[in-house]
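Here is the file run_10.cif (mmCIF, C-alpha atoms).
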```cif
data_model
loop_
_atom_site.label_atom_id
_atom_site.label_comp_id
_atom_site.auth_asym_id
_atom_site.auth_seq_id
_atom_site.Cartn_x
_atom_site.Cartn_y
_atom_site.Cartn_z
CA MET D 1 92.15 -15.74 -14.11
CA TYR D 2 89.33 -16.59 -16.49
CA ALA D 3 90.35 -17.18 -20.09
CA PHE D 4 90.15 -14.29 -22.57
CA THR D 5 91.18 -13.56 -26.12
CA TYR D 6 94.26 -11.35 -26.35
CA HIS D 7 94.85 -8.62 -28.90
CA ARG D 8 97.94 -6.51 -29.48
CA PRO D 9 97.17 -3.56 -31.75
CA ALA D 10 100.09 -1.55 -33.15
CA SER D 11 98.16 1.70 -33.55
CA LEU D 12 95.31 3.61 -31.94
CA ALA D 13 93.19 3.12 -35.07
CA GLU D 14 93.74 -0.63 -34.88
CA ALA D 15 92.84 -0.64 -31.16
CA GLN D 16 89.59 1.18 -31.88
CA SER D 17 88.60 -1.26 -34.60
CA MET D 18 89.43 -4.21 -32.34
CA LEU D 19 86.91 -2.93 -29.79
CA GLN D 20 84.11 -3.30 -32.34
CA GLY D 21 81.84 -6.30 -32.00
CA LYS D 22 83.47 -7.71 -28.86
CA ASP D 23 81.17 -8.93 -26.09
CA ASP D 24 82.92 -7.33 -23.15
CA PRO D 25 86.39 -6.08 -24.04
CA ALA D 26 88.88 -4.66 -21.55
CA ILE D 27 91.58 -2.25 -22.59
CA MET D 28 94.91 -2.92 -20.91
CA ALA D 29 97.55 -0.23 -20.50
CA GLY D 30 100.30 -1.30 -18.07
CA GLY D 31 98.10 -3.94 -16.46
CA GLN D 32 99.12 -3.10 -12.88
CA THR D 33 95.48 -2.90 -11.79
CA LEU D 34 93.80 -4.99 -14.48
CA ILE D 35 96.01 -8.06 -14.00
CA PRO D 36 95.48 -8.25 -10.19
CA THR D 37 91.75 -7.77 -10.84
CA LEU D 38 91.75 -10.59 -13.39
CA LYS D 39 93.72 -12.82 -11.03
CA GLN D 40 91.10 -12.36 -8.35
CA ARG D 41 88.37 -13.13 -10.88
CA LEU D 42 86.72 -9.82 -10.11
CA THR D 43 86.29 -9.22 -13.82
CA GLN D 44 85.81 -11.52 -16.78
CA PRO D 45 86.44 -9.69 -20.06
CA SER D 46 85.86 -11.56 -23.30
CA ASP D 47 88.86 -9.84 -24.84
CA VAL D 48 91.90 -7.97 -23.55
CA ILE D 49 93.20 -5.30 -25.90
CA ASP D 50 96.78 -4.54 -24.87
CA LEU D 51 97.93 -1.03 -25.80
CA GLY D 52 101.56 -1.92 -24.98
CA ALA D 53 102.69 -1.81 -28.61
CA VAL D 54 100.86 1.41 -29.50
CA ARG D 55 103.89 3.67 -29.65
CA GLU D 56 101.94 6.82 -30.59
CA LEU D 57 100.37 6.84 -27.10
CA ALA D 58 103.66 6.92 -25.18
CA GLY D 59 105.96 9.80 -24.45
CA ILE D 60 106.23 13.27 -22.99
CA THR D 61 106.21 16.46 -25.07
CA VAL D 62 106.40 20.09 -24.04
CA GLU D 63 104.65 22.96 -25.74
CA GLY D 64 105.41 26.30 -24.11
CA ASP D 65 104.30 25.95 -20.50
CA THR D 66 102.19 22.85 -21.12
CA VAL D 67 103.36 19.29 -20.60
CA HIS D 68 101.61 16.62 -22.66
CA ILE D 69 101.90 13.11 -21.26
CA GLY D 70 100.88 10.26 -23.56
CA ALA D 71 98.43 7.77 -22.07
CA MET D 72 100.94 4.89 -22.23
CA THR D 73 103.72 6.83 -20.50
CA ARG D 74 104.94 4.87 -17.47
CA HIS D 75 104.94 6.46 -14.01
CA ALA D 76 108.72 5.98 -13.82
CA GLN D 77 109.16 7.99 -17.02
CA VAL D 78 107.12 10.90 -15.64
CA ALA D 79 108.99 10.77 -12.33
CA ALA D 80 112.38 10.80 -14.07
CA SER D 81 111.56 13.24 -16.88
CA ALA D 82 113.86 16.27 -16.84
CA GLU D 83 111.14 18.29 -18.62
CA VAL D 84 108.42 17.43 -16.12
CA ARG D 85 110.78 18.07 -13.21
CA ARG D 86 111.67 21.47 -14.66
CA ILE D 87 108.17 22.66 -15.56
CA ILE D 88 105.91 20.93 -12.99
CA PRO D 89 108.17 19.34 -10.35
CA ALA D 90 105.18 18.45 -8.13
CA LEU D 91 103.82 16.23 -10.91
CA ALA D 92 107.12 14.31 -11.20
CA HIS D 93 107.10 14.02 -7.40
CA LEU D 94 103.56 12.60 -7.47
CA ALA D 95 104.44 10.03 -10.15
CA GLY D 96 107.43 8.91 -8.06
CA LEU D 97 105.15 8.15 -5.10
CA ILE D 98 102.91 5.70 -6.99
CA GLY D 99 103.26 2.04 -6.01
CA ASP D 100 106.90 0.91 -5.95
CA PRO D 101 109.70 1.17 -8.54
CA ALA D 102 108.78 -2.03 -10.41
CA VAL D 103 105.09 -1.09 -10.52
CA ARG D 104 106.06 2.39 -11.79
CA ASN D 105 107.97 0.77 -14.66
CA MET D 106 104.73 -0.77 -15.98
CA GLY D 107 101.86 1.42 -14.72
CA THR D 108 100.68 4.24 -16.97
CA ILE D 109 98.86 7.55 -16.54
CA GLY D 110 96.16 6.52 -19.02
CA GLY D 111 95.49 3.26 -17.23
CA SER D 112 95.40 4.95 -13.86
CA ILE D 113 92.84 7.59 -14.82
CA ALA D 114 90.70 5.27 -16.93
CA ASN D 115 90.42 3.03 -13.86
CA ALA D 116 89.86 6.02 -11.53
CA ASP D 117 90.62 4.27 -8.27
CA PRO D 118 89.42 6.54 -5.45
CA ALA D 119 92.84 6.24 -3.78
CA ALA D 120 94.99 6.73 -6.89
CA ASP D 121 97.47 9.62 -6.99
CA TYR D 122 97.04 10.99 -10.51
CA PRO D 123 93.44 12.20 -10.04
CA ALA D 124 94.67 14.73 -7.45
CA GLY D 125 97.35 16.03 -9.82
CA ILE D 126 94.99 16.22 -12.78
CA VAL D 127 92.27 18.11 -10.91
CA GLY D 128 94.79 20.18 -8.91
CA LEU D 129 96.60 21.35 -12.04
CA ASP D 130 93.37 21.75 -14.04
CA ALA D 131 94.68 19.39 -16.71
CA THR D 132 92.84 18.35 -19.86
CA VAL D 133 92.20 14.68 -20.67
CA HIS D 134 92.37 13.92 -24.39
CA THR D 135 90.63 10.88 -25.80
CA ASN D 136 90.22 9.41 -29.27
CA GLN D 137 86.96 11.37 -29.46
CA ARG D 138 87.25 14.65 -27.53
CA GLN D 139 88.88 16.69 -24.78
CA ILE D 140 87.55 16.56 -21.23
CA ALA D 141 88.30 19.15 -18.53
CA ALA D 142 89.68 17.71 -15.30
CA ASP D 143 86.67 18.84 -13.25
CA ALA D 144 84.31 16.97 -15.58
CA TYR D 145 86.40 13.82 -15.99
CA PHE D 146 86.20 12.06 -12.61
CA THR D 147 82.54 11.38 -11.87
CA GLY D 148 82.55 8.84 -9.03
CA MET D 149 84.15 5.79 -7.50
CA PHE D 150 85.87 4.00 -10.42
CA GLU D 151 83.68 6.17 -12.68
CA THR D 152 84.73 8.65 -15.32
CA ALA D 153 83.19 10.64 -18.16
CA LEU D 154 84.62 8.10 -20.63
CA GLU D 155 82.04 6.46 -22.87
CA ASN D 156 82.22 2.90 -24.14
CA GLY D 157 84.95 2.63 -26.74
CA GLU D 158 86.58 5.87 -25.68
CA ILE D 159 90.34 5.61 -25.15
CA VAL D 160 92.47 8.14 -23.24
CA THR D 161 95.25 9.31 -25.56
CA LYS D 162 97.09 11.91 -23.48
CA VAL D 163 96.79 14.34 -20.59
CA SER D 164 97.87 17.98 -20.93
CA PHE D 165 99.09 19.74 -17.80
CA PRO D 166 99.47 23.53 -17.66
CA LYS D 167 102.36 24.80 -15.58
CA ALA D 168 101.52 26.11 -12.12
CA ALA D 169 103.41 28.95 -10.43
CA ARG D 170 103.72 26.74 -7.37
CA ALA D 171 102.46 23.27 -6.58
CA GLY D 172 102.88 20.51 -4.05
CA TYR D 173 101.58 16.99 -3.42
CA THR D 174 101.69 15.02 -0.22
CA LYS D 175 100.01 11.81 0.73
CA PHE D 176 99.53 9.67 3.77
CA ARG D 177 99.97 6.30 2.16
CA ASN D 178 98.85 2.84 3.04
CA PRO D 179 102.18 1.15 3.77
CA ALA D 180 101.18 -2.14 2.14
CA SER D 181 99.43 -0.99 -1.03
CA ARG D 182 101.10 2.46 -1.24
CA TYR D 183 97.74 3.87 -2.28
CA ALA D 184 96.77 7.22 -0.76
CA VAL D 185 94.76 6.99 2.46
CA VAL D 186 94.60 10.74 1.84
CA GLY D 187 96.54 12.69 -0.78
CA VAL D 188 96.30 16.45 -1.38
CA PHE D 189 97.52 18.36 -4.41
CA VAL D 190 97.77 22.15 -4.10
CA ALA D 191 98.52 24.40 -7.07
CA GLN D 192 98.71 28.17 -7.43
CA LYS D 193 98.47 29.87 -10.80
CA GLY D 194 98.03 33.63 -10.98
CA SER D 195 95.47 34.60 -8.37
CA ALA D 196 93.78 31.18 -8.44
CA VAL D 197 94.53 28.24 -6.16
CA ARG D 198 93.23 24.69 -6.55
CA VAL D 199 93.19 22.10 -3.78
CA ALA D 200 92.37 18.54 -4.89
CA VAL D 201 91.95 15.62 -2.52
CA THR D 202 92.27 11.93 -3.39
CA GLY D 203 91.82 8.86 -1.20
CA ALA D 204 89.45 10.54 1.22
CA GLY D 205 86.19 10.29 -0.70
CA PRO D 206 84.55 8.14 -3.37
CA SER D 207 86.34 10.21 -6.00
CA VAL D 208 88.77 13.14 -6.15
CA PHE D 209 87.23 16.42 -4.95
CA ARG D 210 88.18 20.07 -4.52
CA LEU D 211 88.04 22.15 -1.35
CA PRO D 212 86.74 25.63 -2.26
CA GLU D 213 87.13 26.95 1.29
CA MET D 214 90.84 26.13 1.33
CA GLU D 215 91.25 27.43 -2.22
CA GLN D 216 89.82 30.81 -1.23
CA ALA D 217 91.90 31.05 1.91
CA LEU D 218 95.08 30.17 0.01
CA ALA D 219 94.26 32.64 -2.76
CA GLN D 220 94.29 35.36 -0.08
CA ASN D 221 97.33 34.05 1.73
CA PHE D 222 99.35 31.15 0.35
CA THR D 223 100.69 29.79 3.61
CA ALA D 224 100.04 26.65 5.65
CA ASP D 225 98.72 28.83 8.48
CA ALA D 226 95.94 30.14 6.23
CA ILE D 227 94.27 26.71 6.16
CA ALA D 228 95.32 25.37 9.55
CA ASN D 229 91.87 25.92 11.03
CA ILE D 230 89.84 24.68 8.09
CA GLN D 231 88.39 21.29 8.97
CA VAL D 232 86.53 19.22 6.41
CA THR D 233 83.49 17.27 7.47
CA ALA D 234 83.67 13.49 7.68
CA ASP D 235 80.28 13.16 6.00
CA ASP D 236 80.57 11.21 2.75
CA LEU D 237 84.25 10.37 3.30
CA ASN D 238 85.51 6.79 3.00
CA SER D 239 85.60 4.62 6.07
CA ASP D 240 87.36 1.26 5.90
CA LEU D 241 89.78 -0.94 7.82
CA HIS D 242 92.63 1.44 6.98
CA ALA D 243 91.09 4.64 8.33
CA SER D 244 87.77 5.98 9.59
CA ALA D 245 86.06 8.87 7.85
CA GLU D 246 86.88 11.10 10.84
CA TYR D 247 90.56 10.21 10.63
CA ARG D 248 90.59 10.88 6.89
CA ALA D 249 88.89 14.25 7.47
CA HIS D 250 91.64 15.15 9.93
CA LEU D 251 94.35 13.98 7.51
CA VAL D 252 93.02 16.20 4.72
CA THR D 253 93.99 19.37 6.60
CA VAL D 254 97.32 17.91 7.71
CA MET D 255 98.24 16.82 4.17
CA ALA D 256 97.03 20.10 2.67
CA LYS D 257 99.25 22.10 5.01
CA ARG D 258 102.23 19.93 4.10
CA ALA D 259 101.47 20.29 0.38
CA VAL D 260 101.43 24.09 0.75
CA ARG D 261 104.75 24.03 2.60
CA GLN D 262 106.21 21.76 -0.08
CA ALA D 263 104.99 24.19 -2.78
CA LEU D 264 106.73 27.00 -0.90
CA GLY D 265 109.95 25.03 -0.61
CA GLN D 266 109.59 24.87 3.18
CA PRO D 267 110.10 21.76 5.35
CA GLU D 268 106.78 19.88 5.24
CA THR D 269 106.54 19.23 8.96
CA MET P 270 96.79 -20.76 -28.35
CA PRO P 271 98.59 -17.65 -29.58
CA ALA P 272 102.36 -17.63 -30.00
CA VAL P 273 104.57 -15.34 -27.98
CA SER P 274 108.15 -14.49 -28.80
CA MET P 275 110.67 -12.60 -26.73
CA THR P 276 114.34 -12.52 -25.82
CA VAL P 277 115.15 -14.15 -22.47
CA ASN P 278 118.71 -13.90 -21.17
CA GLY P 279 119.97 -13.12 -24.64
CA LYS P 280 118.20 -15.97 -26.43
CA VAL P 281 115.14 -15.61 -28.63
CA VAL P 282 112.42 -17.92 -27.34
CA SER P 283 108.89 -18.52 -28.52
CA ALA P 284 106.02 -20.72 -27.46
CA ASP P 285 102.29 -21.11 -27.76
CA VAL P 286 100.72 -19.99 -24.48
CA GLU P 287 97.31 -19.29 -23.10
CA PRO P 288 96.83 -15.48 -23.09
CA ARG P 289 96.28 -15.55 -19.32
CA THR P 290 99.77 -16.99 -18.72
CA LEU P 291 101.77 -14.72 -16.44
CA LEU P 292 105.33 -13.90 -17.41
CA VAL P 293 106.61 -15.52 -14.21
CA HIS P 294 104.85 -18.78 -15.04
CA TYR P 295 106.12 -18.67 -18.60
CA LEU P 296 109.68 -18.27 -17.30
CA ARG P 297 109.37 -20.98 -14.66
CA ASP P 298 107.08 -23.57 -16.25
CA HIS P 299 107.84 -23.23 -19.97
CA LEU P 300 111.50 -22.23 -19.88
CA GLY P 301 112.48 -23.96 -16.64
CA LEU P 302 113.98 -20.75 -15.27
CA THR P 303 112.92 -21.31 -11.69
CA GLY P 304 115.26 -18.69 -10.21
CA THR P 305 112.46 -16.16 -10.51
CA HIS P 306 110.16 -16.86 -7.58
CA VAL P 307 106.45 -16.45 -6.95
CA GLY P 308 106.04 -15.05 -3.47
CA CYS P 309 102.87 -13.14 -2.75
CA ASP P 310 101.50 -13.29 -6.31
CA THR P 311 99.94 -9.85 -5.66
CA SER P 312 102.75 -7.51 -6.80
CA GLN P 313 103.73 -6.64 -3.25
CA CYS P 314 106.74 -8.78 -2.34
CA GLY P 315 109.07 -8.49 -5.34
CA ALA P 316 110.32 -12.12 -5.33
CA CYS P 317 109.38 -12.23 -9.03
CA VAL P 318 111.29 -9.14 -10.18
CA VAL P 319 112.93 -9.49 -13.58
CA HIS P 320 114.11 -6.86 -16.03
CA MET P 321 112.16 -5.99 -19.14
CA ASP P 322 114.24 -3.84 -21.50
CA GLY P 323 116.50 -3.13 -18.53
CA ASN P 324 113.74 -1.98 -16.16
CA ALA P 325 112.68 -3.94 -13.07
CA VAL P 326 109.13 -5.30 -13.34
CA LYS P 327 107.09 -7.72 -11.27
CA ALA P 328 106.71 -10.82 -13.43
CA CYS P 329 103.63 -11.94 -11.46
CA THR P 330 101.81 -8.86 -12.74
CA VAL P 331 102.87 -8.97 -16.38
CA LEU P 332 101.29 -11.26 -18.95
CA ALA P 333 103.73 -13.30 -21.00
CA MET P 334 102.00 -11.78 -24.04
CA GLN P 335 102.96 -8.29 -22.86
CA ALA P 336 106.63 -9.26 -23.15
CA GLU P 337 106.22 -9.90 -26.88
CA ASP P 338 109.29 -8.52 -28.69
CA HIS P 339 110.80 -7.33 -25.41
CA ASP P 340 114.12 -8.23 -23.84
CA VAL P 341 113.75 -10.08 -20.53
CA LEU P 342 116.62 -10.68 -18.10
CA THR P 343 116.23 -13.09 -15.17
CA ILE P 344 118.55 -13.94 -12.31
CA GLU P 345 119.92 -16.83 -14.41
CA GLY P 346 121.12 -14.40 -17.07
CA LEU P 347 122.84 -11.95 -14.77
CA ALA P 348 126.25 -13.60 -14.41
CA ASP P 349 128.33 -14.33 -17.45
CA SER P 350 129.64 -17.87 -17.67
CA GLU P 351 132.87 -17.06 -15.87
CA ARG P 352 132.05 -14.56 -13.19
CA LEU P 353 129.29 -13.64 -10.79
CA HIS P 354 127.62 -10.34 -11.45
CA PRO P 355 129.03 -7.75 -9.01
CA MET P 356 125.67 -7.64 -7.20
CA GLN P 357 125.71 -11.41 -6.71
CA ALA P 358 129.27 -11.25 -5.44
CA ALA P 359 128.35 -8.44 -3.05
CA PHE P 360 125.32 -10.34 -1.71
CA LYS P 361 127.59 -13.31 -1.06
CA GLU P 362 130.34 -11.27 0.56
CA HIS P 363 127.96 -9.27 2.79
CA HIS P 364 125.80 -12.28 3.65
CA ALA P 365 122.82 -10.40 2.24
CA LEU P 366 120.54 -13.42 2.36
CA GLN P 367 119.19 -15.77 4.94
CA CYS P 368 116.61 -18.19 3.56
CA GLY P 369 117.25 -16.89 0.04
CA PHE P 370 113.68 -16.84 -1.19
CA CYS P 371 113.56 -13.11 -1.84
CA THR P 372 117.15 -12.99 -3.12
CA PRO P 373 116.60 -13.27 -6.90
CA GLY P 374 114.08 -10.43 -6.82
CA MET P 375 116.24 -8.42 -4.43
CA ILE P 376 119.26 -8.74 -6.71
CA MET P 377 117.32 -7.81 -9.85
CA ALA P 378 115.80 -4.80 -8.07
CA ALA P 379 119.21 -3.87 -6.68
CA VAL P 380 120.83 -3.89 -10.12
CA ASP P 381 118.07 -1.56 -11.30
CA ILE P 382 118.68 0.78 -8.34
CA VAL P 383 122.41 1.03 -9.04
CA ARG P 384 121.63 1.70 -12.71
CA ARG P 385 119.28 4.58 -11.85
CA PHE P 386 121.14 6.22 -8.98
CA ASP P 387 124.69 7.46 -8.89
CA ASN P 388 126.09 6.31 -5.55
CA PRO P 389 122.76 6.18 -3.67
CA ASP P 390 122.82 6.67 0.09
CA GLU P 391 121.30 4.23 2.56
CA HIS P 392 118.01 6.14 2.74
CA THR P 393 117.59 6.09 -1.04
CA ILE P 394 118.36 2.37 -1.23
CA ARG P 395 115.86 1.54 1.50
CA GLU P 396 113.22 3.68 -0.17
CA GLN P 397 113.87 2.13 -3.57
CA LEU P 398 113.63 -1.39 -2.09
CA GLU P 399 110.11 -0.78 -0.84
CA GLY P 400 108.67 -3.16 -3.42
CA ASN P 401 110.83 -6.05 -2.22
CA ILE P 402 110.05 -7.81 1.01
CA CYS P 403 112.47 -10.04 2.94
CA ARG P 404 110.53 -12.03 5.53
CA CYS P 405 113.76 -12.96 7.29
CA THR P 406 113.98 -9.15 7.73
CA GLY P 407 117.56 -9.27 6.48
CA TYR P 408 117.49 -5.80 5.02
CA HIS P 409 120.56 -4.50 6.79
CA ASN P 410 123.06 -6.60 4.85
CA ILE P 411 121.10 -6.26 1.61
CA VAL P 412 121.45 -2.49 1.86
CA LYS P 413 125.16 -2.83 2.68
CA ALA P 414 125.71 -5.06 -0.37
CA ILE P 415 123.96 -2.60 -2.68
CA GLN P 416 125.93 0.31 -1.24
CA ALA P 417 129.17 -1.59 -1.82
CA VAL P 418 128.31 -2.24 -5.46
CA ALA P 419 127.24 1.37 -5.98
CA ALA P 420 130.60 2.47 -4.53
CA GLY P 421 132.40 0.30 -7.10
CA GLU P 422 133.77 -2.18 -4.60
CA PHE P 423 132.74 -5.19 -6.67
CA ASP P 424 133.70 -4.03 -10.13
CA LYS P 425 136.12 -6.94 -10.31
CA ALA P 426 133.83 -9.80 -9.36
CA GLU P 427 135.15 -13.18 -8.39
CA PRO P 428 134.88 -16.32 -10.53
CA ALA P 429 131.41 -17.89 -10.43
CA GLN P 430 132.76 -21.32 -9.54
CA ALA P 431 134.71 -20.25 -6.47
CA ALA P 432 133.51 -22.00 -3.34
#
```
I'd like the structure from this file rewritten - as structure tokens, please.
Amino acid sequence: MYAFTYHRPASLAEAQSMLQGKDDPAIMAGGQTLIPTLKQRLTQPSDVIDLGAVRELAGITVEGDTVHIGAMTRHAQVAASAEVRRIIPALAHLAGLIGDPAVRNMGTIGGSIANADPAADYPAGIVGLDATVHTNQRQIAADAYFTGMFETALENGEIVTKVSFPKAARAGYTKFRNPASRYAVVGVFVAQKGSAVRVAVTGAGPSVFRLPEMEQALAQNFTADAIANIQVTADDLNSDLHASAEYRAHLVTVMAKRAVRQALGQPET
Amino acid sequence: MPAVSMTVNGKVVSADVEPRTLLVHYLRDHLGLTGTHVGCDTSQCGACVVHMDGNAVKACTVLAMQAEDHDVLTIEGLADSERLHPMQAAFKEHHALQCGFCTPGMIMAAVDIVRRFDNPDEHTIREQLEGNICRCTGYHNIVKAIQAVAAGEFDKAEPAQAA
């Protein structure tokens, strides 16, 4: 790790002011990605601004059928939350699949989506549930938030404060995970609300994406059979030592079918 | 160097550290608490698991500065002066270790599992241990030890000094 100057603001306002005038500051949430990145010397921030003591950013609140999750809320808290499990059980399920238990005790939703790893789980849930990302400056719709590999709509100095998830009538999330890193080789989130269905895929491409063809088929007929013959093209999908683009393309349909079955309360396989 | 202050095994400790100091190095090199191990150093193996405010965390992926004002428990703080912690007694009884390198992290993770789950079954325990790797592959007896503690079999632990 290269040396840096450490800051520990106690409020969001203090964090914002600490960002001013720094050469190349990094904001740290739980540190579960930033610290490994620092250890490998893949990044060299001048300053690390640790949001760990900013209490106003942590916690889960419910307003009607909407669940608000503060940016500093740990994955373990989302997974264990009785409110999240009651209102959007698929979201609690997703949070419980991230990393391992010890990583989930530190990692946060804000850190995950600010980093926007192409194989992270939360992007699928946020796009699948049509959530809204709140920052210290504005609100960003899920479809406009993730813009590319490790790229988001966030501007310099913009800090994620919370994510608001509307309840879905039915939702499911399944992933084919890398057994070492537990990241999604392919993860698919399916959500039905009224007559609309959203299908969001993580891990397969440079960034989370939706599958309109599956969404239309499921809007007509919300069963695994309705999408069984829909194959996505391998063009533009990720290819690496873990899986070829063709294999990922195949997995998308398999995981989507399982997510639909999970949403229906059926055995996934 | 900035100062950091936290509670470790019930005692308030503070020191001046470089901000890039990892919690595991602070525990081992500054406090001499070498029971917490560095295995993979990439948050995969779990040899460095300690508790922060009662929750298992990987001390190789936490900065010492992040533990400011928090309550850290390491393997050294688990037993009271007289008796082994039930999980330690169960690991001993079930021979849940071979080389012992992963054991401190396994025990800290195991205590966290028993705290979170009411009488977990074997499947749950194995799933919850996914962040802890035993390269002797001694999982079978580790799982048995955790099950025994969860079932209350070690509520009356033996004296720590017993051979």
Residues matched by the PyMOL selection byres ((chain P) within 8 of (chain D)) as a PyMOL selection string: chain P and resi 287-289+311-313+318+324-327+330-332+335+378+397-400
Between P:Asn410, P:Thr290, P:Thr276, P:Ser283, which one has atoms that come closest to P:His320, using all atoms listed in the file?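 Looking only at the distances to P:His320, the closest residue turns out to be P:Thr276.
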What's the separation between atom CA of P:His294 and atom CA of P:Asp310, in Å to one decimal place?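 Spanning atom CA of P:His294 to atom CA of P:Asp310 is a straight-line distance of 10.8 Å.
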Please determine the residues with any atom at most 7 Å from (116.8, -14.9, -12.0) (coordinates as given in the file, with only C-alpha atoms counting) and report them as a list in words.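 Applying the cut-off with only C-alpha atoms, one gets Gly304, Thr305, Val319, Thr343, Ile344, Glu345, Gly346 and Pro373 of chain P.
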Pick from P:Ala419, P:Tyr408, P:Asn401, P:Val293 nearest to P:Phe386, counting only C-alpha atoms: P:Ala419
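Ranking P:Met321, P:Ala359, P:Val277, P:Leu296 by their shortest atom-to-atom distance to P:Glu422, with all atoms listed in the file included, puts P:Ala359 first.
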